[in-house]
$ cat start28.cif   # mmCIF, C-alpha atoms
data_coords
#
loop_
_atom_site.label_atom_id
_atom_site.label_comp_id
_atom_site.auth_asym_id
_atom_site.auth_seq_id
_atom_site.Cartn_x
_atom_site.Cartn_y
_atom_site.Cartn_z
CA MET A 1 0.00 0.00 0.00
CA VAL A 2 1.20 3.49 -0.87
CA THR A 3 -0.34 6.72 0.35
CA ILE A 4 -0.46 10.01 -1.47
CA THR A 5 -1.25 13.28 0.28
CA ARG A 6 -2.51 16.50 -1.24
CA LYS A 7 -2.66 19.73 0.75
CA ILE A 8 -4.99 22.67 0.18
CA GLU A 9 -5.71 25.84 2.10
CA PHE A 10 -8.95 27.70 2.46
CA ALA A 11 -10.13 30.65 4.53
CA ALA A 12 -13.54 30.71 6.17
CA SER A 13 -15.46 32.34 8.98
CA HIS A 14 -17.64 30.72 11.61
CA ARG A 15 -19.32 31.20 14.95
CA TYR A 16 -19.97 28.70 17.73
CA HIS A 17 -23.48 29.19 19.03
CA ASN A 18 -26.13 26.71 20.12
CA PRO A 19 -29.63 28.26 20.02
CA ALA A 20 -30.74 25.73 22.66
CA PHE A 21 -28.31 27.30 25.17
CA SER A 22 -28.86 30.58 27.01
CA GLU A 23 -26.61 33.52 26.15
CA GLU A 24 -24.61 32.90 29.33
CA GLU A 25 -24.24 29.19 28.58
CA ASN A 26 -23.10 29.93 25.02
CA ARG A 27 -20.45 32.32 26.33
CA ARG A 28 -19.34 29.89 29.02
CA VAL A 29 -19.08 26.87 26.70
CA PHE A 30 -17.74 28.53 23.57
CA GLY A 31 -15.84 31.51 25.02
CA LYS A 32 -14.59 33.95 22.40
CA CYS A 33 -15.70 31.56 19.64
CA ASN A 34 -19.23 32.72 20.54
CA ASN A 35 -18.53 36.33 19.49
CA PRO A 36 -21.78 37.34 17.72
CA HIS A 37 -20.04 38.62 14.62
CA GLY A 38 -17.99 35.47 14.12
CA HIS A 39 -14.30 35.09 13.35
CA GLY A 40 -12.25 33.14 10.83
CA HIS A 41 -9.32 30.87 10.18
CA ASN A 42 -6.92 29.87 7.47
CA TYR A 43 -7.65 26.18 7.33
CA THR A 44 -5.16 23.69 5.95
CA LEU A 45 -6.51 20.37 4.74
CA GLU A 46 -4.34 17.33 4.07
CA VAL A 47 -6.07 14.57 2.16
CA THR A 48 -4.38 11.18 2.08
CA VAL A 49 -5.43 8.47 -0.36
CA ALA A 50 -4.13 4.90 -0.09
CA GLY A 51 -3.83 2.25 -2.75
CA GLU A 52 -1.55 0.25 -4.98
CA PRO A 53 0.23 2.05 -7.82
CA ASP A 54 -1.34 1.20 -11.17
CA PRO A 55 1.13 -1.03 -13.08
CA VAL A 56 0.74 1.02 -16.24
CA THR A 57 0.75 4.60 -14.91
CA GLY A 58 2.66 4.04 -11.68
CA MET A 59 0.05 6.14 -9.91
CA VAL A 60 -2.29 5.38 -6.98
CA LEU A 61 -4.57 7.97 -8.52
CA ASP A 62 -4.29 10.85 -10.93
CA LEU A 63 -3.32 13.87 -8.79
CA LYS A 64 -5.08 16.15 -11.25
CA GLU A 65 -8.34 14.36 -10.51
CA LEU A 66 -7.77 14.68 -6.77
CA LYS A 67 -6.95 18.35 -7.22
CA ASP A 68 -10.16 18.90 -9.21
CA LEU A 69 -12.20 16.97 -6.66
CA LEU A 70 -10.86 19.10 -3.80
CA GLU A 71 -11.55 22.25 -5.81
CA ARG A 72 -15.17 21.21 -6.44
CA GLU A 73 -16.04 19.71 -3.10
CA VAL A 74 -14.03 21.78 -0.64
CA MET A 75 -12.74 25.01 -2.15
CA GLN A 76 -15.92 26.03 -3.95
CA ARG A 77 -18.03 25.06 -0.96
CA MET A 78 -15.96 26.53 1.88
CA ASP A 79 -13.27 28.94 0.69
CA HIS A 80 -14.08 32.53 1.65
CA ARG A 81 -17.45 31.41 3.01
CA HIS A 82 -19.20 31.69 6.33
CA LEU A 83 -19.48 28.07 7.47
CA ASN A 84 -22.63 28.65 9.54
CA PHE A 85 -24.64 30.24 6.73
CA GLU A 86 -23.21 29.13 3.42
CA VAL A 87 -22.47 25.43 3.75
CA PRO A 88 -25.70 23.41 3.78
CA GLU A 89 -23.92 20.28 5.05
CA LEU A 90 -23.13 22.17 8.27
CA ALA A 91 -26.64 23.55 8.79
CA GLY A 92 -27.78 22.98 12.36
CA LYS A 93 -24.29 21.87 13.44
CA ILE A 94 -21.68 23.81 15.37
CA PRO A 95 -18.89 24.31 12.79
CA THR A 96 -16.10 23.00 15.02
CA CYS A 97 -12.98 21.53 13.49
CA GLU A 98 -14.41 18.08 14.35
CA ASN A 99 -17.67 18.72 12.47
CA VAL A 100 -16.04 20.43 9.49
CA ALA A 101 -13.60 17.52 9.14
CA ARG A 102 -16.45 14.99 9.28
CA VAL A 103 -18.38 16.86 6.58
CA ILE A 104 -15.30 16.96 4.36
CA TRP A 105 -14.71 13.23 4.93
CA GLU A 106 -18.32 12.44 3.99
CA LEU A 107 -18.10 14.60 0.86
CA LEU A 108 -14.85 13.06 -0.35
CA GLU A 109 -14.98 9.39 0.59
CA PRO A 110 -17.66 8.23 -1.88
CA LYS A 111 -16.08 10.24 -4.70
CA ILE A 112 -12.63 8.73 -4.51
CA ILE A 113 -12.78 5.90 -6.99
CA GLN A 114 -9.09 5.12 -7.53
CA GLY A 115 -7.56 4.11 -4.22
CA ARG A 116 -9.48 4.87 -1.03
CA LEU A 117 -9.61 7.80 1.34
CA HIS A 118 -7.15 6.94 4.09
CA ARG A 119 -7.05 10.00 6.31
CA ILE A 120 -7.88 13.66 6.32
CA ARG A 121 -6.17 16.11 8.63
CA LEU A 122 -7.79 19.51 9.01
CA TYR A 123 -5.77 22.27 10.68
CA GLU A 124 -7.77 25.14 12.11
CA SER A 125 -4.48 26.67 13.24
CA ALA A 126 -0.92 25.38 13.52
CA ASP A 127 -1.70 24.18 17.05
CA LEU A 128 -5.12 22.66 16.57
CA PHE A 129 -6.09 19.98 14.10
CA VAL A 130 -8.39 17.02 13.65
CA ASP A 131 -7.62 13.64 12.10
CA CYS A 132 -10.39 11.59 10.52
CA TYR A 133 -9.95 7.99 9.44
CA ARG A 134 -11.71 4.63 9.40
CA ASN A 135 -11.04 2.71 12.57
CA GLY A 136 -8.28 0.17 12.02
CA ALA A 137 -7.14 1.75 8.75
CA LEU A 138 -4.14 3.61 10.15
CA ARG A 139 -2.70 1.32 12.77
CA ALA A 140 -3.39 -2.22 11.67
CA MET B 29 -11.49 -1.68 -1.96
CA SER B 30 -15.00 -1.11 -0.67
CA VAL B 31 -15.87 1.38 2.02
CA ALA B 32 -17.92 -1.27 3.81
CA ALA B 33 -14.75 -3.26 4.48
CA GLN B 34 -13.49 -0.43 6.68
CA GLY B 35 -14.33 0.31 10.29
CA GLU B 36 -16.35 3.16 11.71
CA LEU B 37 -15.21 6.74 11.23
CA LYS B 38 -12.83 7.86 13.92
CA ILE B 39 -12.16 11.49 14.77
CA GLU B 40 -9.20 12.67 16.80
CA LEU B 41 -8.67 16.14 18.17
CA CYS B 42 -5.01 17.12 18.32
CA ARG B 43 -3.56 20.07 20.14
CA ARG B 44 0.03 21.32 20.25
CA TYR B 45 1.66 22.81 23.33
CA ARG B 46 5.15 24.09 24.06
CA PHE B 47 7.46 23.94 27.02
CA ALA B 48 11.14 24.62 27.57
CA ALA B 49 13.14 22.45 29.94
CA SER B 50 16.65 21.32 30.68
CA HIS B 51 17.90 17.79 31.16
CA ARG B 52 21.00 15.68 31.26
CA LEU B 53 21.20 12.15 29.92
CA HIS B 54 23.19 10.15 32.41
CA SER B 55 22.63 6.65 33.71
CA PRO B 56 23.95 5.77 37.16
CA ARG B 57 24.19 2.17 35.92
CA LEU B 58 26.91 3.10 33.44
CA SER B 59 30.49 4.19 34.05
CA ALA B 60 31.56 7.75 33.26
CA GLU B 61 33.18 6.54 30.03
CA GLU B 62 30.13 4.53 29.04
CA ASN B 63 27.84 7.47 29.74
CA GLN B 64 30.04 9.63 27.58
CA ARG B 65 30.06 7.05 24.80
CA VAL B 66 26.30 6.37 24.89
CA TYR B 67 24.96 9.89 25.40
CA GLY B 68 27.73 11.99 23.84
CA LYS B 69 27.21 15.72 24.38
CA CYS B 70 23.84 15.04 26.05
CA ASN B 71 25.94 13.74 28.97
CA ASN B 72 27.47 17.19 29.61
CA PRO B 73 27.51 17.42 33.45
CA TYR B 74 25.75 20.79 33.51
CA GLY B 75 22.88 19.67 31.29
CA HIS B 76 21.31 21.45 28.35
CA GLY B 77 17.78 22.29 27.25
CA HIS B 78 15.20 22.13 24.50
CA ASN B 79 12.08 23.87 23.32
CA TYR B 80 9.79 20.88 23.40
CA VAL B 81 6.57 20.66 21.43
CA LEU B 82 3.92 18.36 22.87
CA GLU B 83 1.14 17.08 20.65
CA VAL B 84 -1.82 15.53 22.49
CA SER B 85 -4.44 13.50 20.59
CA VAL B 86 -7.81 12.61 22.08
CA SER B 87 -10.74 10.82 20.50
CA GLY B 88 -14.42 10.33 21.14
CA ALA B 89 -17.81 11.24 19.79
CA ALA B 90 -18.41 14.94 19.18
CA ASP B 91 -21.12 16.15 21.58
CA PRO B 92 -24.08 17.12 19.34
CA ALA B 93 -24.78 20.18 21.53
CA THR B 94 -21.28 21.61 21.20
CA GLY B 95 -19.80 19.88 18.15
CA MET B 96 -16.75 19.10 20.28
CA ILE B 97 -14.93 15.92 21.28
CA ALA B 98 -13.54 17.87 24.21
CA ASN B 99 -13.83 21.49 25.16
CA LEU B 100 -10.44 23.02 24.37
CA THR B 101 -10.51 25.11 27.54
CA GLU B 102 -10.81 21.90 29.57
CA LEU B 103 -8.10 20.12 27.60
CA ASP B 104 -5.75 23.11 27.79
CA GLY B 105 -6.35 23.42 31.54
CA TYR B 106 -5.75 19.73 32.13
CA VAL B 107 -2.52 19.66 30.11
CA ALA B 108 -1.33 22.82 31.85
CA ARG B 109 -2.00 21.41 35.33
CA GLN B 110 -0.74 17.89 34.64
CA VAL B 111 2.27 18.61 32.45
CA LEU B 112 3.18 22.16 31.53
CA GLN B 113 3.24 23.61 35.04
CA ALA B 114 5.49 20.79 36.20
CA PHE B 115 7.82 20.77 33.18
CA ASP B 116 8.02 24.27 31.72
CA HIS B 117 11.23 26.11 32.63
CA ARG B 118 12.29 23.24 34.88
CA ASN B 119 15.22 20.93 35.12
CA LEU B 120 13.65 17.55 34.37
CA ASN B 121 16.30 15.55 36.26
CA GLU B 122 16.09 17.63 39.41
CA GLU B 123 12.51 18.85 39.51
CA VAL B 124 10.33 16.02 38.17
CA ALA B 125 10.07 13.12 40.61
CA ALA B 126 9.57 10.55 37.84
CA PHE B 127 13.09 11.26 36.56
CA ARG B 128 14.90 10.72 39.84
CA GLY B 129 15.89 7.22 38.77
CA VAL B 130 14.89 7.33 35.11
CA VAL B 131 16.95 8.96 32.37
CA PRO B 132 14.88 11.86 30.95
CA THR B 133 15.20 10.87 27.32
CA THR B 134 12.32 12.01 25.17
CA GLU B 135 11.17 8.38 24.98
CA ASN B 136 10.77 8.35 28.76
CA LEU B 137 9.29 11.84 28.67
CA CYS B 138 6.55 10.57 26.32
CA VAL B 139 5.74 7.70 28.69
CA GLU B 140 5.59 10.04 31.69
CA ILE B 141 3.42 12.58 29.89
CA TYR B 142 1.08 9.83 28.68
CA ALA B 143 0.69 8.61 32.29
CA ARG B 144 -0.05 12.15 33.45
CA LEU B 145 -2.72 12.70 30.78
CA LYS B 146 -4.33 9.25 30.73
CA GLY B 147 -6.94 10.34 33.26
CA PHE B 148 -8.35 13.17 31.13
CA PRO B 149 -12.03 12.80 31.93
CA ALA B 150 -13.69 14.29 28.84
CA ALA B 151 -12.24 12.11 26.04
CA ARG B 152 -10.00 9.14 25.40
CA LEU B 153 -6.27 9.83 25.25
CA GLU B 154 -5.02 8.35 21.95
CA ARG B 155 -1.36 9.27 22.02
CA VAL B 156 1.22 11.86 22.86
CA ARG B 157 3.94 12.99 20.51
CA VAL B 158 6.90 15.04 21.65
CA GLU B 159 9.24 16.97 19.38
CA GLU B 160 12.54 17.43 21.14
CA THR B 161 13.73 19.52 18.21
CA GLY B 162 12.25 20.11 14.80
CA ASN B 163 14.15 17.03 13.63
CA ASN B 164 13.49 14.52 16.41
CA SER B 165 10.06 13.41 17.50
CA PHE B 166 8.76 10.58 19.65
CA GLU B 167 5.33 9.08 20.03
CA TYR B 168 3.68 6.94 22.70
CA ALA B 169 0.18 5.47 22.62
CA GLY B 170 0.26 3.33 25.76
CA GLU B 171 1.31 -0.29 26.03
#

$ encode --input "start28.cif" --output "structure tokens"
Amino acid sequence: MVTITRKIEFAASHRYHNPAFSEEENRRVFGKCNNPHGHGHNYTLEVTVAGEPDPVTGMVLDLKELKDLLEREVMQRMDHRHLNFEVPELAGKIPTCENVARVIWELLEPKIIQGRLHRIRLYESADLFVDCYRNGALRA
Amino acid sequence: MSVAAQGELKIELCRRYRFAASHRLHSPRLSAEENQRVYGKCNNPYGHGHNYVLEVSVSGAADPATGMIANLTELDGYVARQVLQAFDHRNLNEEVAAFRGVVPTTENLCVEIYARLKGFPAARLERVRVEETGNNSFEYAGE
């Protein structure tokens, strides 16, 4: 098995707020992430696909196809967007790094035909990131 | 390969912290020459230090009400109390009880930090990873 990783960056705004909580509870749980006017991050996404290199092309998958897929599914959907209001997949969810990563996983996994989605790592900042993978896939 | 063949989706939250500490690699079980041979300049009698980076990974189900595996304020507070306050700007050999009889290599540091964080109540500790320098890193995920 060989893995291939592609990295992209996108910028987006969000706000953590649960309408079921009181104002005080929202501030206590989410702190400055509850700021009513939102805030933003430069997200970095690493997408890792695993597979066997094709004997003819030597490739696990065509990087151009992966690049196009990420452009369609992630960049066009999330780059320079407000995650709370402009991404239907996140409607009704708090757009935490955990939830954004899960949405990206669910968007990408069924569309990767050559090889299989092995792991995504989503950085919200250099010191905070989320890894998403199928249980057992990373550490067999 | 089919998606169905894979396990359930797992999500890990990873946070990076920094601390600076000094140490000396020296084993009382080795002679002075052996210590010098094994540890080289890390055996310098007066010690030396590093800017360590600690990466902590926890897993669990994201709480539907908050979208979080663990509240970062809680995780940051726990890591600060359990690790950073005890290690940052300290001499590991002299000021951390666990290293009284244990050489404070970064391997042993990982094991000690894992033990100190294992009890985090809000999520499951997956692993700790320590960068001693930008070029050396060590990981421990329990036995």

$ resolve_selection --input "start28.cif" --expression "the PyMOL selection byres ((chain A) within 6 of (chain B))" --output "ChimeraX atom specification"
/A:94,96,127-135

$ resolve_selection --input "start28.cif" --expression "the PyMOL selection byres ((chain A and resi 36) around 9)" --output "PDB file with C-alpha atoms, in the frame of the given file"
ATOM      1  CA  ARG A  15     -19.320  31.200  14.950  1.00  0.00           C
ATOM      2  CA  TYR A  16     -19.970  28.700  17.730  1.00  0.00           C
ATOM      3  CA  HIS A  17     -23.480  29.190  19.030  1.00  0.00           C
ATOM      4  CA  CYS A  33     -15.700  31.560  19.640  1.00  0.00           C
ATOM      5  CA  ASN A  34     -19.230  32.720  20.540  1.00  0.00           C
ATOM      6  CA  ASN A  35     -18.530  36.330  19.490  1.00  0.00           C
ATOM      7  CA  HIS A  37     -20.040  38.620  14.620  1.00  0.00           C
ATOM      8  CA  GLY A  38     -17.990  35.470  14.120  1.00  0.00           C
ATOM      9  CA  HIS A  39     -14.300  35.090  13.350  1.00  0.00           C
TER      10      HIS A  39
END

$ closest_residue --input "start28.cif" --among "A:Ala12, A:Leu61, A:Ile4, A:Ala50" --to "Phe85 of chain A" --atoms "all atoms listed in the file"
A:Ala12

$ atom_distance --input "start28.cif" --atom1 "atom CA of Glu135 of chain B" --atom2 "atom CA of Val158 of chain B"
8.6 Å

$ closest_residue --input "start28.cif" --among "A:Val56, A:Cys97, A:Leu90, A:Leu66" --to "Arg6 of chain A" --atoms "only C-alpha atoms"
A:Leu66

$ residues_around --input "start28.cif" --residues "Gly68 of chain B" --least-positions-apart "5" --cutoff "10 Å" --atoms "only C-alpha atoms" --output "list in words"
Leu53, His54, Glu61, Glu62 and Asn63 of chain B

$ write_last_selection --input "start28.cif" --atoms "C-alpha atoms" --output "PDB file, in the coordinates of the input"
ATOM      1  CA  LEU B  53      21.200  12.150  29.920  1.00  0.00           C
ATOM      2  CA  HIS B  54      23.190  10.150  32.410  1.00  0.00           C
ATOM      3  CA  GLU B  61      33.180   6.540  30.030  1.00  0.00           C
ATOM      4  CA  GLU B  62      30.130   4.530  29.040  1.00  0.00           C
ATOM      5  CA  ASN B  63      27.840   7.470  29.740  1.00  0.00           C
TER       6      ASN B  63
END

$ atom_distance --input "start28.cif" --atom1 "atom CA of Leu103 of chain B" --atom2 "atom CA of Cys138 of chain B"
17.5 Å

$ atom_distance --input "start28.cif" --atom1 "atom CA of Phe47 of chain B" --atom2 "atom CA of Gly170 of chain B"
21.9 Å

$ residues_around --input "start28.cif" --residues "Lys111 of chain A" --least-positions-apart "2" --cutoff "12 Å" --atoms "only C-alpha atoms" --output "list in words"
Val49, Glu65, Leu66, Asp68, Leu69, Leu70, Arg72, Glu73, Ile104, Trp105, Glu106, Leu107, Leu108, Glu109, Ile113, Gln114, Gly115, Arg116 and Leu117 of chain A; Val31 of chain B

$ build_atoms --input "start28.cif" --residues "segment 116-127 of chain B" --atoms "all heavy atoms" --output "PDB file, in the frame of the given file"
ATOM      1  N   ASP B 116       7.546  23.083  32.443  1.00  0.00           N
ATOM      2  CA  ASP B 116       8.020  24.270  31.720  1.00  0.00           C
ATOM      3  C   ASP B 116       9.011  25.081  32.554  1.00  0.00           C
ATOM      4  O   ASP B 116       8.744  25.419  33.709  1.00  0.00           O
ATOM      5  CB  ASP B 116       6.831  25.150  31.325  1.00  0.00           C
ATOM      6  CG  ASP B 116       7.261  26.305  30.420  1.00  0.00           C
ATOM      7  OD1 ASP B 116       8.162  26.091  29.574  1.00  0.00           O
ATOM      8  OD2 ASP B 116       6.717  27.411  30.562  1.00  0.00           O
ATOM      9  N   HIS B 117      10.159  25.369  31.947  1.00  0.00           N
ATOM     10  CA  HIS B 117      11.230  26.110  32.630  1.00  0.00           C
ATOM     11  C   HIS B 117      11.697  25.392  33.887  1.00  0.00           C
ATOM     12  O   HIS B 117      11.919  26.012  34.934  1.00  0.00           O
ATOM     13  CB  HIS B 117      10.836  27.579  32.880  1.00  0.00           C
ATOM     14  CG  HIS B 117      10.878  28.381  31.616  1.00  0.00           C
ATOM     15  ND1 HIS B 117       9.928  28.257  30.631  1.00  0.00           N
ATOM     16  CD2 HIS B 117      11.789  29.269  31.153  1.00  0.00           C
ATOM     17  CE1 HIS B 117      10.234  29.048  29.630  1.00  0.00           C
ATOM     18  NE2 HIS B 117      11.366  29.675  29.912  1.00  0.00           N
ATOM     19  N   ARG B 118      11.795  24.066  33.777  1.00  0.00           N
ATOM     20  CA  ARG B 118      12.290  23.240  34.880  1.00  0.00           C
ATOM     21  C   ARG B 118      13.479  22.436  34.401  1.00  0.00           C
ATOM     22  O   ARG B 118      13.678  22.250  33.203  1.00  0.00           O
ATOM     23  CB  ARG B 118      11.210  22.244  35.322  1.00  0.00           C
ATOM     24  CG  ARG B 118       9.915  22.860  35.733  1.00  0.00           C
ATOM     25  CD  ARG B 118       9.983  23.398  37.131  1.00  0.00           C
ATOM     26  NE  ARG B 118       8.665  23.825  37.569  1.00  0.00           N
ATOM     27  CZ  ARG B 118       8.432  24.383  38.739  1.00  0.00           C
ATOM     28  NH1 ARG B 118       9.429  24.583  39.585  1.00  0.00           N
ATOM     29  NH2 ARG B 118       7.214  24.735  39.070  1.00  0.00           N
ATOM     30  N   ASN B 119      14.191  21.921  35.391  1.00  0.00           N
ATOM     31  CA  ASN B 119      15.220  20.930  35.120  1.00  0.00           C
ATOM     32  C   ASN B 119      14.561  19.562  35.337  1.00  0.00           C
ATOM     33  O   ASN B 119      14.161  19.241  36.456  1.00  0.00           O
ATOM     34  CB  ASN B 119      16.396  21.132  36.081  1.00  0.00           C
ATOM     35  CG  ASN B 119      17.510  20.125  35.847  1.00  0.00           C
ATOM     36  OD1 ASN B 119      17.255  18.917  35.725  1.00  0.00           O
ATOM     37  ND2 ASN B 119      18.741  20.595  35.800  1.00  0.00           N
ATOM     38  N   LEU B 120      14.417  18.803  34.277  1.00  0.00           N
ATOM     39  CA  LEU B 120      13.650  17.550  34.370  1.00  0.00           C
ATOM     40  C   LEU B 120      14.286  16.559  35.354  1.00  0.00           C
ATOM     41  O   LEU B 120      13.589  15.874  36.087  1.00  0.00           O
ATOM     42  CB  LEU B 120      13.495  16.907  32.984  1.00  0.00           C
ATOM     43  CG  LEU B 120      12.737  17.742  31.940  1.00  0.00           C
ATOM     44  CD1 LEU B 120      12.720  17.020  30.600  1.00  0.00           C
ATOM     45  CD2 LEU B 120      11.311  18.054  32.387  1.00  0.00           C
ATOM     46  N   ASN B 121      15.627  16.491  35.358  1.00  0.00           N
ATOM     47  CA  ASN B 121      16.300  15.550  36.260  1.00  0.00           C
ATOM     48  C   ASN B 121      16.054  15.896  37.722  1.00  0.00           C
ATOM     49  O   ASN B 121      15.824  15.026  38.549  1.00  0.00           O
ATOM     50  CB  ASN B 121      17.827  15.555  36.045  1.00  0.00           C
ATOM     51  CG  ASN B 121      18.211  15.226  34.625  1.00  0.00           C
ATOM     52  OD1 ASN B 121      17.896  15.969  33.701  1.00  0.00           O
ATOM     53  ND2 ASN B 121      18.910  14.108  34.435  1.00  0.00           N
ATOM     54  N   GLU B 122      16.118  17.196  38.008  1.00  0.00           N
ATOM     55  CA  GLU B 122      16.090  17.630  39.410  1.00  0.00           C
ATOM     56  C   GLU B 122      14.688  17.916  39.923  1.00  0.00           C
ATOM     57  O   GLU B 122      14.436  17.823  41.116  1.00  0.00           O
ATOM     58  CB  GLU B 122      16.924  18.928  39.566  1.00  0.00           C
ATOM     59  CG  GLU B 122      18.380  18.797  39.153  1.00  0.00           C
ATOM     60  CD  GLU B 122      19.144  17.819  40.030  1.00  0.00           C
ATOM     61  OE1 GLU B 122      18.800  17.698  41.222  1.00  0.00           O
ATOM     62  OE2 GLU B 122      20.070  17.163  39.519  1.00  0.00           O
ATOM     63  N   GLU B 123      13.776  18.306  39.017  1.00  0.00           N
ATOM     64  CA  GLU B 123      12.510  18.850  39.510  1.00  0.00           C
ATOM     65  C   GLU B 123      11.286  18.003  39.177  1.00  0.00           C
ATOM     66  O   GLU B 123      10.175  18.373  39.532  1.00  0.00           O
ATOM     67  CB  GLU B 123      12.310  20.264  38.964  1.00  0.00           C
ATOM     68  CG  GLU B 123      13.374  21.233  39.472  1.00  0.00           C
ATOM     69  CD  GLU B 123      13.135  22.643  38.976  1.00  0.00           C
ATOM     70  OE1 GLU B 123      12.376  23.378  39.611  1.00  0.00           O
ATOM     71  OE2 GLU B 123      13.714  22.993  37.928  1.00  0.00           O
ATOM     72  N   VAL B 124      11.468  16.898  38.467  1.00  0.00           N
ATOM     73  CA  VAL B 124      10.330  16.020  38.170  1.00  0.00           C
ATOM     74  C   VAL B 124      10.632  14.667  38.823  1.00  0.00           C
ATOM     75  O   VAL B 124      11.600  13.990  38.448  1.00  0.00           O
ATOM     76  CB  VAL B 124      10.107  15.865  36.653  1.00  0.00           C
ATOM     77  CG1 VAL B 124       8.951  14.909  36.370  1.00  0.00           C
ATOM     78  CG2 VAL B 124       9.843  17.225  36.009  1.00  0.00           C
ATOM     79  N   ALA B 125       9.803  14.316  39.791  1.00  0.00           N
ATOM     80  CA  ALA B 125      10.070  13.120  40.610  1.00  0.00           C
ATOM     81  C   ALA B 125      10.271  11.867  39.757  1.00  0.00           C
ATOM     82  O   ALA B 125      11.114  11.023  40.068  1.00  0.00           O
ATOM     83  CB  ALA B 125       8.940  12.921  41.608  1.00  0.00           C
ATOM     84  N   ALA B 126       9.499  11.756  38.667  1.00  0.00           N
ATOM     85  CA  ALA B 126       9.570  10.550  37.840  1.00  0.00           C
ATOM     86  C   ALA B 126      10.970  10.334  37.256  1.00  0.00           C
ATOM     87  O   ALA B 126      11.325   9.210  36.877  1.00  0.00           O
ATOM     88  CB  ALA B 126       8.563  10.652  36.697  1.00  0.00           C
ATOM     89  N   PHE B 127      11.775  11.392  37.167  1.00  0.00           N
ATOM     90  CA  PHE B 127      13.090  11.260  36.560  1.00  0.00           C
ATOM     91  C   PHE B 127      14.228  11.189  37.578  1.00  0.00           C
ATOM     92  O   PHE B 127      15.394  11.333  37.232  1.00  0.00           O
ATOM     93  CB  PHE B 127      13.333  12.383  35.536  1.00  0.00           C
ATOM     94  CG  PHE B 127      12.332  12.357  34.414  1.00  0.00           C
ATOM     95  CD1 PHE B 127      11.508  13.432  34.152  1.00  0.00           C
ATOM     96  CD2 PHE B 127      12.192  11.213  33.627  1.00  0.00           C
ATOM     97  CE1 PHE B 127      10.559  13.390  33.138  1.00  0.00           C
ATOM     98  CE2 PHE B 127      11.248  11.150  32.614  1.00  0.00           C
ATOM     99  CZ  PHE B 127      10.424  12.242  32.365  1.00  0.00           C
TER     100      PHE B 127
END
